[in-house]
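Next comes my_file-v3.pdb, with PDB, C-alpha atoms, pLDDT in the B column.
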```
ATOM      1  CA  MET I   1      -2.282 -13.772 -23.427  1.00 37.00           C
ATOM      2  CA  HIS I   2      -5.422 -15.662 -24.326  1.00 38.00           C
ATOM      3  CA  PRO I   3      -8.205 -15.540 -21.695  1.00 37.00           C
ATOM      4  CA  SER I   4      -8.281 -19.316 -21.397  1.00 35.00           C
ATOM      5  CA  GLN I   5      -4.565 -19.367 -20.558  1.00 36.00           C
ATOM      6  CA  ALA I   6      -4.996 -16.693 -17.882  1.00 36.00           C
ATOM      7  CA  ALA I   7      -7.634 -18.848 -16.178  1.00 36.00           C
ATOM      8  CA  LEU I   8      -5.112 -21.643 -15.740  1.00 32.00           C
ATOM      9  CA  ARG I   9      -2.981 -19.608 -13.315  1.00 33.00           C
ATOM     10  CA  PRO I  10      -4.245 -18.193 -10.044  1.00 35.00           C
ATOM     11  CA  LEU I  11      -4.664 -14.428 -10.195  1.00 37.00           C
ATOM     12  CA  THR I  12      -3.030 -13.921  -6.797  1.00 38.00           C
ATOM     13  CA  HIS I  13       0.247 -15.389  -8.063  1.00 34.00           C
ATOM     14  CA  ARG I  14       0.436 -12.803 -10.824  1.00 35.00           C
ATOM     15  CA  VAL I  15      -0.480  -9.892  -8.529  1.00 34.00           C
ATOM     16  CA  VAL I  16       1.675 -10.738  -5.534  1.00 32.00           C
ATOM     17  CA  THR I  17       4.891 -11.805  -7.212  1.00 32.00           C
ATOM     18  CA  GLY I  18       4.897  -9.526 -10.233  1.00 36.00           C
ATOM     19  CA  ALA I  19       7.322 -12.030 -11.736  1.00 36.00           C
ATOM     20  CA  ILE I  20       5.413 -13.906 -14.378  1.00 36.00           C
ATOM     21  CA  ARG I  21       7.365 -15.260 -17.307  1.00 35.00           C
ATOM     22  CA  HIS I  22       5.847 -15.348 -20.773  1.00 40.00           C
ATOM     23  CA  MET I  23       4.012 -18.665 -21.142  1.00 42.00           C
ATOM     24  CA  HIS I  24       5.576 -19.451 -24.513  1.00 48.00           C
ATOM     25  CA  ASN I  25       9.126 -18.462 -23.604  1.00 52.00           C
ATOM     26  CA  PRO I  26      10.205 -19.205 -20.005  1.00 53.00           C
ATOM     27  CA  ASN I  27      13.626 -17.650 -20.722  1.00 56.00           C
ATOM     28  CA  MET I  28      12.159 -14.164 -21.145  1.00 57.00           C
ATOM     29  CA  PRO I  29      13.172 -11.671 -18.454  1.00 55.00           C
ATOM     30  CA  ARG I  30      10.915 -11.311 -15.458  1.00 54.00           C
ATOM     31  CA  ALA I  31       8.042  -8.877 -15.652  1.00 59.00           C
ATOM     32  CA  ARG I  32       8.383  -5.617 -13.754  1.00 65.00           C
ATOM     33  CA  GLY I  33       7.495  -5.504 -10.092  1.00 77.00           C
ATOM     34  CA  ILE I  34       4.219  -4.196  -8.751  1.00 87.00           C
ATOM     35  CA  LEU I  35       3.912  -0.997  -6.745  1.00 89.00           C
ATOM     36  CA  THR I  36       1.950  -1.851  -3.594  1.00 90.00           C
ATOM     37  CA  LEU I  37       0.428   0.450  -0.976  1.00 91.00           C
ATOM     38  CA  LYS I  38       1.202   0.377   2.744  1.00 91.00           C
ATOM     39  CA  ASP I  39      -2.023   2.315   3.399  1.00 92.00           C
ATOM     40  CA  HIS I  40      -4.529   4.487   1.588  1.00 91.00           C
ATOM     41  CA  VAL I  41      -5.664   8.057   2.181  1.00 92.00           C
ATOM     42  CA  TYR I  42      -8.613   8.021  -0.233  1.00 91.00           C
ATOM     43  CA  PHE I  43     -10.488   5.628  -2.439  1.00 91.00           C
ATOM     44  CA  ALA I  44     -12.886   6.172  -5.307  1.00 91.00           C
ATOM     45  CA  LYS I  45     -15.672   3.773  -6.112  1.00 94.00           C
ATOM     46  CA  ALA I  46     -17.195   3.403  -9.560  1.00 94.00           C
ATOM     47  CA  THR I  47     -19.756   1.062 -11.084  1.00 96.00           C
ATOM     48  CA  ALA I  48     -20.302   0.199 -14.732  1.00 96.00           C
ATOM     49  CA  GLU I  49     -23.557  -1.379 -15.835  1.00 97.00           C
ATOM     50  CA  GLY I  50     -25.526  -1.994 -18.981  1.00 96.00           C
ATOM     51  CA  GLN I  51     -23.828  -2.601 -22.317  1.00 95.00           C
ATOM     52  CA  GLY I  52     -20.158  -2.210 -21.285  1.00 91.00           C
ATOM     53  CA  ARG I  53     -18.618   0.456 -23.504  1.00 94.00           C
ATOM     54  CA  ASN I  54     -22.174   1.544 -24.366  1.00 96.00           C
ATOM     55  CA  GLY I  55     -23.547   1.453 -20.829  1.00 97.00           C
ATOM     56  CA  ILE I  56     -23.553   3.760 -17.822  1.00 97.00           C
ATOM     57  CA  VAL I  57     -20.781   4.493 -15.316  1.00 97.00           C
ATOM     58  CA  LYS I  58     -21.411   5.984 -11.899  1.00 97.00           C
ATOM     59  CA  SER I  59     -19.070   7.209  -9.208  1.00 95.00           C
ATOM     60  CA  ASN I  60     -20.162   8.084  -5.691  1.00 91.00           C
ATOM     61  CA  GLY I  61     -18.352  10.316  -3.268  1.00 86.00           C
ATOM     62  CA  ASP I  62     -18.131  14.032  -2.567  1.00 91.00           C
ATOM     63  CA  ALA I  63     -19.509  14.917  -6.000  1.00 94.00           C
ATOM     64  CA  PRO I  64     -21.395  11.975  -7.529  1.00 95.00           C
ATOM     65  CA  LEU I  65     -21.022  11.570 -11.279  1.00 96.00           C
ATOM     66  CA  GLU I  66     -22.953   9.531 -13.841  1.00 97.00           C
ATOM     67  CA  LEU I  67     -21.973   9.319 -17.504  1.00 97.00           C
ATOM     68  CA  LYS I  68     -23.369   7.638 -20.575  1.00 98.00           C
ATOM     69  CA  MET I  69     -20.624   5.631 -22.237  1.00 98.00           C
ATOM     70  CA  ALA I  70     -20.346   5.076 -25.966  1.00 97.00           C
ATOM     71  CA  MET I  71     -17.868   3.318 -28.185  1.00 95.00           C
ATOM     72  CA  PRO I  72     -16.015   5.867 -30.359  1.00 94.00           C
ATOM     73  CA  LYS I  73     -17.066   6.156 -33.995  1.00 95.00           C
ATOM     74  CA  ALA I  74     -13.509   5.243 -35.041  1.00 92.00           C
ATOM     75  CA  ILE I  75     -14.020   1.703 -33.730  1.00 91.00           C
ATOM     76  CA  GLY I  76     -17.577   1.215 -34.935  1.00 92.00           C
ATOM     77  CA  GLY I  77     -19.604   2.938 -32.235  1.00 94.00           C
ATOM     78  CA  LYS I  78     -22.058   5.821 -32.314  1.00 95.00           C
ATOM     79  CA  GLY I  79     -19.743   8.168 -30.419  1.00 95.00           C
ATOM     80  CA  ASP I  80     -22.685   9.702 -28.557  1.00 96.00           C
ATOM     81  CA  GLY I  81     -21.166   9.446 -25.071  1.00 97.00           C
ATOM     82  CA  GLN I  82     -17.871   9.279 -23.241  1.00 97.00           C
ATOM     83  CA  ASN I  83     -15.377   6.419 -23.430  1.00 96.00           C
ATOM     84  CA  PRO I  84     -12.847   4.967 -20.986  1.00 96.00           C
ATOM     85  CA  GLU I  85      -9.887   6.458 -22.857  1.00 96.00           C
ATOM     86  CA  GLN I  86     -11.320   9.974 -22.460  1.00 97.00           C
ATOM     87  CA  LEU I  87     -11.853   9.441 -18.746  1.00 97.00           C
ATOM     88  CA  PHE I  88      -8.371   7.997 -18.318  1.00 97.00           C
ATOM     89  CA  GLY I  89      -6.851  10.943 -20.203  1.00 98.00           C
ATOM     90  CA  MET I  90      -8.765  13.444 -18.089  1.00 98.00           C
ATOM     91  CA  GLY I  91      -7.718  11.793 -14.849  1.00 97.00           C
ATOM     92  CA  TYR I  92      -4.088  11.551 -15.939  1.00 98.00           C
ATOM     93  CA  ALA I  93      -3.960  15.196 -17.074  1.00 98.00           C
ATOM     94  CA  SER I  94      -5.454  16.390 -13.791  1.00 98.00           C
ATOM     95  CA  CYS I  95      -3.174  14.233 -11.635  1.00 98.00           C
ATOM     96  CA  PHE I  96      -0.061  15.237 -13.577  1.00 98.00           C
ATOM     97  CA  LEU I  97      -0.936  18.952 -13.365  1.00 98.00           C
ATOM     98  CA  GLY I  98      -1.361  18.669  -9.598  1.00 98.00           C
ATOM     99  CA  SER I  99       1.985  16.862  -9.372  1.00 98.00           C
ATOM    100  CA  LEU I 100       3.634  19.497 -11.565  1.00 98.00           C
ATOM    101  CA  GLN I 101       2.373  22.325  -9.383  1.00 98.00           C
ATOM    102  CA  LEU I 102       3.414  20.527  -6.195  1.00 98.00           C
ATOM    103  CA  MET I 103       6.911  19.775  -7.504  1.00 98.00           C
ATOM    104  CA  ALA I 104       7.332  23.392  -8.654  1.00 98.00           C
ATOM    105  CA  ALA I 105       6.304  24.606  -5.193  1.00 98.00           C
ATOM    106  CA  ARG I 106       8.697  22.178  -3.482  1.00 98.00           C
ATOM    107  CA  ALA I 107      11.502  23.503  -5.710  1.00 98.00           C
ATOM    108  CA  GLY I 108      10.671  27.058  -4.629  1.00 98.00           C
ATOM    109  CA  LYS I 109       9.371  27.855  -8.123  1.00 98.00           C
ATOM    110  CA  LYS I 110       5.603  27.799  -7.561  1.00 98.00           C
ATOM    111  CA  HIS I 111       5.080  30.555 -10.109  1.00 98.00           C
ATOM    112  CA  ILE I 112       6.406  28.508 -13.054  1.00 97.00           C
ATOM    113  CA  ALA I 113       3.503  26.040 -12.957  1.00 98.00           C
ATOM    114  CA  GLU I 114       0.597  28.157 -11.723  1.00 97.00           C
ATOM    115  CA  ASN I 115      -0.831  28.723 -15.208  1.00 97.00           C
ATOM    116  CA  SER I 116       0.389  25.505 -16.795  1.00 98.00           C
ATOM    117  CA  LYS I 117      -1.783  23.044 -18.669  1.00 98.00           C
ATOM    118  CA  VAL I 118      -1.288  19.335 -19.212  1.00 98.00           C
ATOM    119  CA  HIS I 119      -2.625  17.755 -22.384  1.00 98.00           C
ATOM    120  CA  THR I 120      -2.981  14.006 -22.799  1.00 98.00           C
ATOM    121  CA  LYS I 121      -3.466  11.835 -25.826  1.00 97.00           C
ATOM    122  CA  VAL I 122      -4.601   8.304 -25.081  1.00 97.00           C
ATOM    123  CA  TYR I 123      -4.264   5.939 -28.021  1.00 96.00           C
ATOM    124  CA  LEU I 124      -6.218   2.697 -28.144  1.00 94.00           C
ATOM    125  CA  GLY I 125      -4.767   0.096 -30.458  1.00 94.00           C
ATOM    126  CA  HIS I 126      -3.637  -3.461 -30.960  1.00 93.00           C
ATOM    127  CA  PRO I 127      -0.541  -4.618 -29.064  1.00 94.00           C
ATOM    128  CA  SER I 128       2.526  -5.240 -31.193  1.00 95.00           C
ATOM    129  CA  ASP I 129       2.999  -8.584 -29.371  1.00 94.00           C
ATOM    130  CA  PRO I 130       1.047 -11.098 -31.534  1.00 92.00           C
ATOM    131  CA  GLU I 131       0.381 -13.257 -28.453  1.00 94.00           C
ATOM    132  CA  LEU I 132      -1.737 -10.550 -26.808  1.00 93.00           C
ATOM    133  CA  GLU I 133      -5.372 -10.345 -27.865  1.00 94.00           C
ATOM    134  CA  GLY I 134      -7.501  -7.254 -27.470  1.00 93.00           C
ATOM    135  CA  PHE I 135      -6.336  -3.682 -27.143  1.00 92.00           C
ATOM    136  CA  GLY I 136      -3.585  -1.759 -25.399  1.00 93.00           C
ATOM    137  CA  LEU I 137      -2.949   1.883 -24.573  1.00 95.00           C
ATOM    138  CA  ARG I 138      -0.241   4.380 -25.422  1.00 96.00           C
ATOM    139  CA  VAL I 139      -0.222   7.754 -23.690  1.00 97.00           C
ATOM    140  CA  GLU I 140       1.426  11.048 -24.613  1.00 97.00           C
ATOM    141  CA  LEU I 141       1.637  13.905 -22.117  1.00 97.00           C
ATOM    142  CA  THR I 142       2.371  17.469 -23.217  1.00 98.00           C
ATOM    143  CA  VAL I 143       3.120  20.158 -20.652  1.00 98.00           C
ATOM    144  CA  GLU I 144       2.257  23.698 -21.661  1.00 98.00           C
ATOM    145  CA  GLY I 145       3.437  26.743 -19.745  1.00 98.00           C
ATOM    146  CA  CYS I 146       6.282  25.184 -17.746  1.00 98.00           C
ATOM    147  CA  ASP I 147       9.716  24.893 -19.321  1.00 97.00           C
ATOM    148  CA  ASP I 148      11.608  23.479 -16.315  1.00 98.00           C
ATOM    149  CA  ASP I 149      12.703  19.949 -17.281  1.00 98.00           C
ATOM    150  CA  GLU I 150      13.634  19.020 -13.701  1.00 98.00           C
ATOM    151  CA  VAL I 151      10.219  19.999 -12.346  1.00 98.00           C
ATOM    152  CA  ILE I 152       8.484  18.113 -15.179  1.00 98.00           C
ATOM    153  CA  ALA I 153      10.622  15.019 -14.516  1.00 98.00           C
ATOM    154  CA  ALA I 154       9.879  15.252 -10.783  1.00 98.00           C
ATOM    155  CA  ALA I 155       6.145  15.509 -11.543  1.00 98.00           C
ATOM    156  CA  HIS I 156       6.347  12.425 -13.775  1.00 98.00           C
ATOM    157  CA  LYS I 157       8.108  10.534 -10.992  1.00 97.00           C
ATOM    158  CA  PHE I 158       5.532  11.676  -8.393  1.00 98.00           C
ATOM    159  CA  CYS I 159       2.229  11.400 -10.333  1.00 98.00           C
ATOM    160  CA  ALA I 160       0.141   8.363  -9.345  1.00 97.00           C
ATOM    161  CA  TYR I 161      -0.898   7.706 -12.961  1.00 97.00           C
ATOM    162  CA  SER I 162       2.717   7.846 -14.161  1.00 97.00           C
ATOM    163  CA  ARG I 163       3.734   5.500 -11.362  1.00 96.00           C
ATOM    164  CA  ALA I 164       0.944   3.048 -12.188  1.00 95.00           C
ATOM    165  CA  LEU I 165       1.989   2.937 -15.832  1.00 94.00           C
ATOM    166  CA  LYS I 166       5.705   2.740 -15.106  1.00 93.00           C
ATOM    167  CA  HIS I 167       5.763   0.472 -12.063  1.00 93.00           C
ATOM    168  CA  GLY I 168       2.438  -1.333 -12.343  1.00 92.00           C
ATOM    169  CA  ALA I 169      -0.446  -1.229  -9.920  1.00 92.00           C
ATOM    170  CA  GLU I 170      -1.794  -3.876  -7.628  1.00 91.00           C
ATOM    171  CA  VAL I 171      -5.060  -5.153  -9.076  1.00 92.00           C
ATOM    172  CA  THR I 172      -7.367  -7.553  -7.304  1.00 93.00           C
ATOM    173  CA  VAL I 173     -10.349  -9.028  -9.101  1.00 95.00           C
ATOM    174  CA  ASN I 174     -13.168 -10.148  -6.785  1.00 95.00           C
ATOM    175  CA  LYS I 175     -16.621 -11.509  -7.443  1.00 94.00           C
ATOM    176  CA  ILE I 176     -19.868 -11.091  -5.539  1.00 92.00           C
TER     177      ILE I 176
END
```
Represent the structure of the file as structure tokens.
Amino acid sequence: MHPSQAALRPLTHRVVTGAIRHMHNPNMPRARGILTLKDHVYFAKATAEGQGRNGIVKSNGDAPLELKMAMPKAIGGKGDGQNPEQLFGMGYASCFLGSLQLMAARAGKKHIAENSKVHTKVYLGHPSDPELEGFGLRVELTVEGCDDDEVIAAAHKFCAYSRALKHGAEVTVNKI
């Protein structure tokens, strides 16, 4: 979708209903629903400033973190810092591993995931839909050290990152 077209529709309509039809083809099936929260048990706060993909990101909380961001060399940057795809991959791998270990424990098989590792590959590329400008993501997860397909499937169903990618996430854009 072109940015100018997105500005023509109120953001809240897209977030609340989760049922937007493609602007150029109203007969397309409805978009997937949005997973909403009834409450929250934790929230993380982050701030980006400076030159966007070449700026600084900070996160406050129990263990504050500040990182220099840099566009990857593969897309014309210097590659002398982190990038959003790395951070996303790290978060997803960590969340999925925690979900894997929890699901193994719930199945009475805690030992099968204790020494497991989760590897992610986050691909940044152009969407195959010619109407969408900009970039999109594709993610591959690889589980090492746990061969139980049911536990892996349960972890994928439980993991917050997997849920956000599969079911969507509620996003609100505010301005100050």
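As for atom CA of Lys68 of chain I and atom CA of Ile56 of chain I, they are spaced 4.8 Å apart.
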For a quick check of your reading of the model, name the residues lying within 12 Å of the coordinate (-19.9, 2.2, -18.8), counting all atoms listed in the file, and write them as a compact mmCIF listing (two decimals) with C-alpha atoms, keeping the file's coordinate frame.
```txt
# COMPACT_ATOMS: atom_id res chain seq x y z
CA ALA I 46 -17.20 3.40 -9.56
CA THR I 47 -19.76 1.06 -11.08
CA ALA I 48 -20.30 0.20 -14.73
CA GLU I 49 -23.56 -1.38 -15.84
CA GLY I 50 -25.53 -1.99 -18.98
CA GLN I 51 -23.83 -2.60 -22.32
CA GLY I 52 -20.16 -2.21 -21.28
CA ARG I 53 -18.62 0.46 -23.50
CA ASN I 54 -22.17 1.54 -24.37
CA GLY I 55 -23.55 1.45 -20.83
CA ILE I 56 -23.55 3.76 -17.82
CA VAL I 57 -20.78 4.49 -15.32
CA LYS I 58 -21.41 5.98 -11.90
CA SER I 59 -19.07 7.21 -9.21
CA GLU I 66 -22.95 9.53 -13.84
CA LEU I 67 -21.97 9.32 -17.50
CA LYS I 68 -23.37 7.64 -20.58
CA MET I 69 -20.62 5.63 -22.24
CA ALA I 70 -20.35 5.08 -25.97
CA MET I 71 -17.87 3.32 -28.18
CA GLY I 81 -21.17 9.45 -25.07
CA GLN I 82 -17.87 9.28 -23.24
CA ASN I 83 -15.38 6.42 -23.43
CA PRO I 84 -12.85 4.97 -20.99
CA GLU I 85 -9.89 6.46 -22.86
CA LEU I 87 -11.85 9.44 -18.75
```
> Which distance in Å separates atom CA of Lys110 of chain I and atom CA of Lys157 of chain I, to one decimal?
Replying inline: 17.8 Å
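Against this structure, the PyMOL selection byres ((chain I and resi 93) around 9) ends up with Phe88, Gly89, Met90, Gly91, Tyr92, Ser94, Cys95, Phe96, Leu97, Gly98, Lys117, Val118, His119, Thr120 and Leu141 of chain I.
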Using all atoms of segment 141-157 of chain I listed in the file and a margin of 3 Å per side, can you give the axis-aligned box centre and edge lengths in Å to one decimal, as lines of an AutoDock Vina configuration file?
```
center_x = 7.6
center_y = 18.6
center_z = -17.0
size_x = 18.0
size_y = 22.2
size_z = 18.4
```
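Atom pair atom CA of Ala44 of chain I / atom CA of Ala63 of chain I has a distance of 11.0 Å (rounded to one decimal).
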> the PyMOL selection byres ((chain I and resi 123-130) around 12) on the file shown: which residues, as an MDAnalysis selection string?
Replying inline: chainID I and resid 1:2 22 24 71:72 74:75 83:86 88:89 120:122 131:141
> Which residues fall under the PyMOL selection byres ((chain I and resi 147) around 12) in this file, as a PyMOL selection string?
Replying inline: chain I and resi 100+104+109+111-113+115-117+142-146+148-153
> Which neighbours of segment 167-174 of chain I fall inside 6 Å, counting only C-alpha atoms, when residues of the same chain fewer than 6 positions from it are skipped, and could you give them as a ChimeraX atom specification?
Replying inline: /I:34-36
>> Just checking: using all atoms listed in the file, which residue out of I:His156, I:His40, I:Lys166, I:Lys175 ends up closest to Gln101 of chain I?
In response: I:His156
